[in-house]
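Student: Enclosed is the structure file run07.pdb (PDB, N, CA and C atoms).
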MODEL        1
ATOM      1  N   MET A   1       0.821  -1.187   0.000
ATOM      2  CA  MET A   1       0.000   0.000   0.000
ATOM      3  C   MET A   1       0.871   1.260   0.000
ATOM      4  N   ALA A   2       1.991   1.202   0.704
ATOM      5  CA  ALA A   2       2.865   2.371   0.793
ATOM      6  C   ALA A   2       3.590   2.621  -0.522
ATOM      7  N   ASP A   3       3.745   1.575  -1.379
ATOM      8  CA  ASP A   3       4.454   1.736  -2.642
ATOM      9  C   ASP A   3       3.584   2.368  -3.722
ATOM     10  N   GLU A   4       2.250   2.391  -3.514
ATOM     11  CA  GLU A   4       1.362   2.966  -4.527
ATOM     12  C   GLU A   4       1.520   4.483  -4.538
ATOM     13  N   LYS A   5       1.682   5.015  -5.751
ATOM     14  CA  LYS A   5       1.815   6.461  -5.897
ATOM     15  C   LYS A   5       0.550   7.018  -6.533
ATOM     16  N   LYS A   6       0.233   8.230  -6.160
ATOM     17  CA  LYS A   6      -0.856   8.929  -6.827
ATOM     18  C   LYS A   6      -0.426   9.243  -8.247
ATOM     19  N   PRO A   7      -1.371   9.215  -9.201
ATOM     20  CA  PRO A   7      -0.993   9.604 -10.561
ATOM     21  C   PRO A   7      -0.514  11.062 -10.570
ATOM     22  N   GLY A   8       0.343  11.371 -11.508
ATOM     23  CA  GLY A   8       0.860  12.726 -11.621
ATOM     24  C   GLY A   8      -0.229  13.737 -11.957
ATOM     25  N   PHE A   9       0.120  14.995 -11.782
ATOM     26  CA  PHE A   9      -0.824  16.084 -12.011
ATOM     27  C   PHE A   9      -1.404  16.050 -13.426
ATOM     28  N   PHE A  10      -0.530  15.938 -14.427
ATOM     29  CA  PHE A  10      -0.993  15.973 -15.813
ATOM     30  C   PHE A  10      -1.819  14.743 -16.162
ATOM     31  N   LYS A  11      -1.498  13.614 -15.572
ATOM     32  CA  LYS A  11      -2.265  12.399 -15.820
ATOM     33  C   LYS A  11      -3.673  12.539 -15.233
ATOM     34  N   ARG A  12      -3.774  13.146 -14.042
ATOM     35  CA  ARG A  12      -5.095  13.366 -13.433
ATOM     36  C   ARG A  12      -5.917  14.336 -14.280
ATOM     37  N   ILE A  13      -5.281  15.395 -14.755
ATOM     38  CA  ILE A  13      -5.984  16.372 -15.588
ATOM     39  C   ILE A  13      -6.453  15.711 -16.888
ATOM     40  N   ALA A  14      -5.587  14.937 -17.520
ATOM     41  CA  ALA A  14      -5.946  14.256 -18.764
ATOM     42  C   ALA A  14      -7.103  13.287 -18.523
ATOM     43  N   SER A  15      -7.083  12.619 -17.389
ATOM     44  CA  SER A  15      -8.150  11.686 -17.050
ATOM     45  C   SER A  15      -9.478  12.427 -16.878
ATOM     46  N   ARG A  16      -9.436  13.573 -16.215
ATOM     47  CA  ARG A  16     -10.658  14.364 -16.017
ATOM     48  C   ARG A  16     -11.190  14.908 -17.333
ATOM     49  N   ILE A  17     -10.292  15.344 -18.202
ATOM     50  CA  ILE A  17     -10.727  15.863 -19.509
ATOM     51  C   ILE A  17     -11.357  14.749 -20.326
ATOM     52  N   THR A  18     -10.726  13.573 -20.328
ATOM     53  CA  THR A  18     -11.275  12.434 -21.056
ATOM     54  C   THR A  18     -12.647  12.075 -20.507
ATOM     55  N   ARG A  19     -12.779  12.050 -19.201
ATOM     56  CA  ARG A  19     -14.056  11.724 -18.556
ATOM     57  C   ARG A  19     -15.120  12.750 -18.935
ATOM     58  N   PHE A  20     -14.733  14.026 -18.948
ATOM     59  CA  PHE A  20     -15.673  15.090 -19.310
ATOM     60  C   PHE A  20     -16.243  14.863 -20.702
ATOM     61  N   PHE A  21     -15.377  14.562 -21.680
ATOM     62  CA  PHE A  21     -15.849  14.377 -23.048
ATOM     63  C   PHE A  21     -16.683  13.106 -23.191
ATOM     64  N   LYS A  22     -16.346  12.066 -22.461
ATOM     65  CA  LYS A  22     -17.160  10.845 -22.499
ATOM     66  C   LYS A  22     -18.543  11.112 -21.908
ATOM     67  N   ASP A  23     -18.582  11.817 -20.784
ATOM     68  CA  ASP A  23     -19.867  12.161 -20.164
ATOM     69  C   ASP A  23     -20.689  13.074 -21.067
ATOM     70  N   THR A  24     -20.024  14.031 -21.701
ATOM     71  CA  THR A  24     -20.716  14.948 -22.607
ATOM     72  C   THR A  24     -21.320  14.191 -23.781
ATOM     73  N   LYS A  25     -20.559  13.266 -24.349
ATOM     74  CA  LYS A  25     -21.055  12.464 -25.467
ATOM     75  C   LYS A  25     -22.277  11.657 -25.041
ATOM     76  N   GLY A  26     -22.237  11.090 -23.844
ATOM     77  CA  GLY A  26     -23.377  10.332 -23.332
ATOM     78  C   GLY A  26     -24.607  11.198 -23.140
ATOM     79  N   GLU A  27     -24.412  12.421 -22.659
ATOM     80  CA  GLU A  27     -25.546  13.327 -22.446
ATOM     81  C   GLU A  27     -26.147  13.790 -23.769
ATOM     82  N   VAL A  28     -25.304  14.036 -24.764
ATOM     83  CA  VAL A  28     -25.808  14.481 -26.070
ATOM     84  C   VAL A  28     -26.659  13.381 -26.708
ATOM     85  N   LYS A  29     -26.308  12.131 -26.459
ATOM     86  CA  LYS A  29     -27.105  11.022 -27.003
ATOM     87  C   LYS A  29     -28.497  10.975 -26.388
ATOM     88  N   LYS A  30     -28.664  11.522 -25.179
ATOM     89  CA  LYS A  30     -29.958  11.515 -24.490
ATOM     90  C   LYS A  30     -30.893  12.627 -24.984
ATOM     91  N   VAL A  31     -30.349  13.593 -25.695
ATOM     92  CA  VAL A  31     -31.145  14.744 -26.128
ATOM     93  C   VAL A  31     -32.194  14.296 -27.142
ATOM     94  N   VAL A  32     -33.420  14.784 -26.936
ATOM     95  CA  VAL A  32     -34.492  14.526 -27.893
ATOM     96  C   VAL A  32     -34.651  15.792 -28.728
ATOM     97  N   TRP A  33     -34.227  15.709 -29.981
ATOM     98  CA  TRP A  33     -34.271  16.875 -30.853
ATOM     99  C   TRP A  33     -35.677  17.037 -31.408
ATOM    100  N   PRO A  34     -36.196  18.262 -31.470
ATOM    101  CA  PRO A  34     -37.553  18.481 -31.986
ATOM    102  C   PRO A  34     -37.593  18.283 -33.501
ATOM    103  N   ASN A  35     -38.785  17.910 -33.986
ATOM    104  CA  ASN A  35     -38.927  17.762 -35.429
ATOM    105  C   ASN A  35     -39.202  19.127 -36.063
ATOM    106  N   LYS A  36     -39.244  19.163 -37.374
ATOM    107  CA  LYS A  36     -39.375  20.428 -38.101
ATOM    108  C   LYS A  36     -40.679  21.140 -37.755
ATOM    109  N   LYS A  37     -41.768  20.383 -37.630
ATOM    110  CA  LYS A  37     -43.077  20.978 -37.332
ATOM    111  C   LYS A  37     -43.051  21.682 -35.971
ATOM    112  N   THR A  38     -42.439  21.056 -34.986
ATOM    113  CA  THR A  38     -42.357  21.648 -33.647
ATOM    114  C   THR A  38     -41.515  22.917 -33.663
ATOM    115  N   VAL A  39     -40.414  22.897 -34.380
ATOM    116  CA  VAL A  39     -39.553  24.081 -34.458
ATOM    117  C   VAL A  39     -40.307  25.243 -35.107
ATOM    118  N   ILE A  40     -41.009  24.963 -36.200
ATOM    119  CA  ILE A  40     -41.764  26.019 -36.889
ATOM    120  C   ILE A  40     -42.867  26.554 -35.985
ATOM    121  N   ASN A  41     -43.559  25.652 -35.285
ATOM    122  CA  ASN A  41     -44.631  26.073 -34.375
ATOM    123  C   ASN A  41     -44.079  26.952 -33.245
ATOM    124  N   ASN A  42     -43.000  26.527 -32.625
ATOM    125  CA  ASN A  42     -42.408  27.301 -31.535
ATOM    126  C   ASN A  42     -41.883  28.653 -32.026
ATOM    127  N   THR A  43     -41.330  28.676 -33.227
ATOM    128  CA  THR A  43     -40.853  29.933 -33.811
ATOM    129  C   THR A  43     -42.017  30.892 -34.018
ATOM    130  N   GLY A  44     -43.147  30.371 -34.488
ATOM    131  CA  GLY A  44     -44.339  31.198 -34.669
ATOM    132  C   GLY A  44     -44.825  31.781 -33.355
ATOM    133  N   VAL A  45     -44.832  30.969 -32.317
ATOM    134  CA  VAL A  45     -45.271  31.450 -31.001
ATOM    135  C   VAL A  45     -44.339  32.559 -30.508
ATOM    136  N   VAL A  46     -43.055  32.363 -30.657
ATOM    137  CA  VAL A  46     -42.074  33.374 -30.220
ATOM    138  C   VAL A  46     -42.281  34.670 -30.990
ATOM    139  N   LEU A  47     -42.490  34.583 -32.294
ATOM    140  CA  LEU A  47     -42.690  35.797 -33.093
ATOM    141  C   LEU A  47     -43.962  36.531 -32.691
ATOM    142  N   VAL A  48     -45.051  35.804 -32.443
ATOM    143  CA  VAL A  48     -46.308  36.434 -32.035
ATOM    144  C   VAL A  48     -46.133  37.141 -30.697
ATOM    145  N   VAL A  49     -45.481  36.480 -29.733
ATOM    146  CA  VAL A  49     -45.257  37.100 -28.424
ATOM    147  C   VAL A  49     -44.350  38.318 -28.569
ATOM    148  N   LEU A  50     -43.315  38.213 -29.373
ATOM    149  CA  LEU A  50     -42.389  39.328 -29.593
ATOM    150  C   LEU A  50     -43.117  40.529 -30.193
ATOM    151  N   ILE A  51     -43.918  40.294 -31.203
ATOM    152  CA  ILE A  51     -44.659  41.390 -31.844
ATOM    153  C   ILE A  51     -45.657  42.003 -30.870
ATOM    154  N   THR A  52     -46.359  41.155 -30.103
ATOM    155  CA  THR A  52     -47.341  41.648 -29.134
ATOM    156  C   THR A  52     -46.676  42.545 -28.087
ATOM    157  N   PHE A  53     -45.576  42.081 -27.514
ATOM    158  CA  PHE A  53     -44.892  42.889 -26.510
ATOM    159  C   PHE A  53     -44.300  44.154 -27.119
ATOM    160  N   SER A  54     -43.827  44.093 -28.341
ATOM    161  CA  SER A  54     -43.286  45.284 -28.999
ATOM    162  C   SER A  54     -44.364  46.339 -29.177
ATOM    163  N   ILE A  55     -45.542  45.902 -29.588
ATOM    164  CA  ILE A  55     -46.660  46.844 -29.757
ATOM    165  C   ILE A  55     -47.052  47.448 -28.413
ATOM    166  N   CYS A  56     -47.132  46.610 -27.359
ATOM    167  CA  CYS A  56     -47.489  47.118 -26.027
ATOM    168  C   CYS A  56     -46.471  48.136 -25.525
ATOM    169  N   ILE A  57     -45.213  47.837 -25.669
ATOM    170  CA  ILE A  57     -44.167  48.761 -25.213
ATOM    171  C   ILE A  57     -44.196  50.036 -26.049
ATOM    172  N   GLY A  58     -44.429  49.904 -27.355
ATOM    173  CA  GLY A  58     -44.540  51.086 -28.211
ATOM    174  C   GLY A  58     -45.704  51.973 -27.810
ATOM    175  N   LEU A  59     -46.850  51.355 -27.497
ATOM    176  CA  LEU A  59     -48.011  52.135 -27.059
ATOM    177  C   LEU A  59     -47.738  52.827 -25.726
ATOM    178  N   LEU A  60     -47.116  52.116 -24.788
ATOM    179  CA  LEU A  60     -46.782  52.735 -23.509
ATOM    180  C   LEU A  60     -45.815  53.901 -23.703
ATOM    181  N   ASP A  61     -44.847  53.739 -24.573
ATOM    182  CA  ASP A  61     -43.891  54.808 -24.864
ATOM    183  C   ASP A  61     -44.610  56.019 -25.445
ATOM    184  N   PHE A  62     -45.529  55.776 -26.375
ATOM    185  CA  PHE A  62     -46.295  56.859 -26.986
ATOM    186  C   PHE A  62     -47.125  57.596 -25.934
ATOM    187  N   ILE A  63     -47.805  56.842 -25.070
ATOM    188  CA  ILE A  63     -48.651  57.444 -24.031
ATOM    189  C   ILE A  63     -47.810  58.261 -23.058
ATOM    190  N   PHE A  64     -46.700  57.691 -22.585
ATOM    191  CA  PHE A  64     -45.863  58.421 -21.630
ATOM    192  C   PHE A  64     -45.242  59.660 -22.266
ATOM    193  N   ASN A  65     -44.853  59.573 -23.531
ATOM    194  CA  ASN A  65     -44.326  60.759 -24.214
ATOM    195  C   ASN A  65     -45.389  61.834 -24.346
ATOM    196  N   ALA A  66     -46.633  61.427 -24.616
ATOM    197  CA  ALA A  66     -47.717  62.389 -24.730
ATOM    198  C   ALA A  66     -47.979  63.050 -23.372
ATOM    199  N   LEU A  67     -47.933  62.259 -22.289
ATOM    200  CA  LEU A  67     -48.136  62.821 -20.965
ATOM    201  C   LEU A  67     -47.019  63.778 -20.588
ATOM    202  N   VAL A  68     -45.790  63.428 -20.895
ATOM    203  CA  VAL A  68     -44.668  64.306 -20.601
ATOM    204  C   VAL A  68     -44.790  65.588 -21.425
ATOM    205  N   GLY A  69     -45.263  65.468 -22.670
ATOM    206  CA  GLY A  69     -45.433  66.633 -23.524
ATOM    207  C   GLY A  69     -46.480  67.596 -22.979
ATOM    208  N   LEU A  70     -47.475  67.078 -22.270
ATOM    209  CA  LEU A  70     -48.493  67.956 -21.689
ATOM    210  C   LEU A  70     -47.917  68.817 -20.571
ATOM    211  N   PHE A  71     -46.974  68.296 -19.827
ATOM    212  CA  PHE A  71     -46.405  69.031 -18.700
ATOM    213  C   PHE A  71     -45.158  69.833 -19.072
ATOM    214  N   HIS A  72     -44.672  69.630 -20.237
ATOM    215  CA  HIS A  72     -43.423  70.290 -20.622
ATOM    216  C   HIS A  72     -43.661  71.608 -21.218
TER     217      HIS A  72
ENDMDL
END
In structure tokens, write the structure found in this file.
Tutor:
Amino acid sequence: MADEKKPGFFKRIASRITRFFKDTKGEVKKVVWPNKKTVINNTGVVLVVLITFSICIGLLDFIFNALVGLFH
């Protein structure tokens, strides 16, 4: 037991890097990629929400500018 040496610093680092890439490869295999229909549907939802919020923020900006203009 006393004759056993710990692996060197670079060997430990190389082992950790190798382990990281093996674990990463295993995790990527678990990913369920969406099909084309789902991607298009989700993109549409994002665009609708983006446009809706843009219009709301634009209207609020217009209203606040009009209110500031009344007092200025």
Student: Around all listed atoms of region 50-60 of chain A, padded 8 Å per side, what centre and edge lengths does the axis-aligned box have in Å to one decimal, as lines of an AutoDock Vina configuration file?
Tutor:
center_x = -45.2
center_y = 46.1
center_z = -27.7
size_x = 21.6
size_y = 31.7
size_z = 24.3
Student: What does the distance from CA of Thr43 (chain A) to CA of Lys30 (chain A) come to in Å, to one decimal?
Tutor: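 Separation between CA of Thr43 (chain A) and CA of Lys30 (chain A): 23.3 Å.
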Student: Write down as JSON, numbers by chain the residues of chain A whose backbone DSSP state falls under alpha helix (DSSP H).
Tutor: {"A": [9, 10, 11, 12, 13, 14, 15, 16, 17, 18, 19, 20, 21, 22, 23, 24, 25, 26, 27, 28, 29, 30, 36, 37, 38, 39, 40, 41, 42, 43, 44, 45, 46, 47, 48, 49, 50, 51, 52, 53, 54, 55, 56, 57, 58, 59, 60, 61, 62, 63, 64, 65, 66, 67, 68, 69, 70, 71]}
Student: In Å to one decimal, how far is CA of Ile13 (chain A) from CA of Lys29 (chain A)?
Tutor: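 Interatomic distance here is 24.6 Å.
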